[in-house]
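Structure, as structure tokens:
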Amino acid sequence: MASNLLPEIKARKFDRIFICRKCGARIRANPDKVRAGLVRCRKCKSTALRPKKSEITLVVGKTTGK
């Protein structure tokens, strides 16, 4: 889905966007500063951030059905 977006749209939606692992807030920041732990979440003050996923990958596996 994200692979067929224009480069400008893809950059705006996914580049330098990080998601707080605790509260889910979106933060636009420099990746070097995030890796160094210098960027904090505005809501919960956590430094645990992850990059925004650009594509959803579905895992196909066994289902436990009856």
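Ordering of the structure tokens sets the chain letters (A, B, ...); residue numbers start at 1 within each chain; ligands are numbered from 1 in the order shown.
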Requested in this report: Show which residues sit within 10 Å of range 25-38 of chain A, as a PyMOL selection string. Count only C-alpha atoms, and ignore same-chain residues fewer than 5 positions away.
Outcome: chain A and resi 14-20+43-44+46-52
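When CA of Arg21 in chain A is paired with CA of Ser54 in chain A, their separation reads 16.3 Å.
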**Report entry** Backbone-only DSSP, strand (DSSP E or B) members of range 2-55 of chain A, as a list in words
**Finding:** Ile17, Phe18, Ile19, Cys20, Arg26, Ile27, Arg28, Leu49, Arg50 and Pro51 of chain A
Selection from above, N, CA and C atoms, as a PDB file, in the first residue's frame, can you write it?
```pdb
ATOM      1  N   ILE A  17       9.155  10.231  11.443  1.00  0.00           N
ATOM      2  CA  ILE A  17       7.992  10.099  12.320  1.00  0.00           C
ATOM      3  C   ILE A  17       8.250   8.930  13.265  1.00  0.00           C
ATOM      4  N   PHE A  18       8.064   9.187  14.541  1.00  0.00           N
ATOM      5  CA  PHE A  18       8.254   8.164  15.561  1.00  0.00           C
ATOM      6  C   PHE A  18       6.998   8.066  16.410  1.00  0.00           C
ATOM      7  N   ILE A  19       6.748   6.871  16.939  1.00  0.00           N
ATOM      8  CA  ILE A  19       5.577   6.596  17.756  1.00  0.00           C
ATOM      9  C   ILE A  19       6.053   6.221  19.155  1.00  0.00           C
ATOM     10  N   CYS A  20       5.441   6.832  20.160  1.00  0.00           N
ATOM     11  CA  CYS A  20       5.773   6.501  21.549  1.00  0.00           C
ATOM     12  C   CYS A  20       5.265   5.094  21.851  1.00  0.00           C
ATOM     13  N   ARG A  26       2.409  10.548  18.205  1.00  0.00           N
ATOM     14  CA  ARG A  26       3.284  10.687  17.042  1.00  0.00           C
ATOM     15  C   ARG A  26       4.200  11.883  17.245  1.00  0.00           C
ATOM     16  N   ILE A  27       5.489  11.686  16.947  1.00  0.00           N
ATOM     17  CA  ILE A  27       6.494  12.729  17.139  1.00  0.00           C
ATOM     18  C   ILE A  27       7.357  12.785  15.893  1.00  0.00           C
ATOM     19  N   ARG A  28       7.564  13.990  15.349  1.00  0.00           N
ATOM     20  CA  ARG A  28       8.488  14.165  14.225  1.00  0.00           C
ATOM     21  C   ARG A  28       9.804  14.668  14.805  1.00  0.00           C
ATOM     22  N   LEU A  49      10.786   5.252  21.874  1.00  0.00           N
ATOM     23  CA  LEU A  49      10.125   5.592  20.621  1.00  0.00           C
ATOM     24  C   LEU A  49      10.481   4.559  19.562  1.00  0.00           C
ATOM     25  N   ARG A  50       9.549   4.326  18.645  1.00  0.00           N
ATOM     26  CA  ARG A  50       9.787   3.418  17.526  1.00  0.00           C
ATOM     27  C   ARG A  50       9.442   4.154  16.238  1.00  0.00           C
ATOM     28  N   PRO A  51      10.066   3.778  15.120  1.00  0.00           N
ATOM     29  CA  PRO A  51       9.699   4.412  13.852  1.00  0.00           C
ATOM     30  C   PRO A  51       8.302   3.991  13.424  1.00  0.00           C
TER      31      PRO A  51
END
```
Query - helix (DSSP H, G or I) positions in range 10-57 of chain A, given as a PyMOL selection string - result: chain A and resi 10-14+31-36
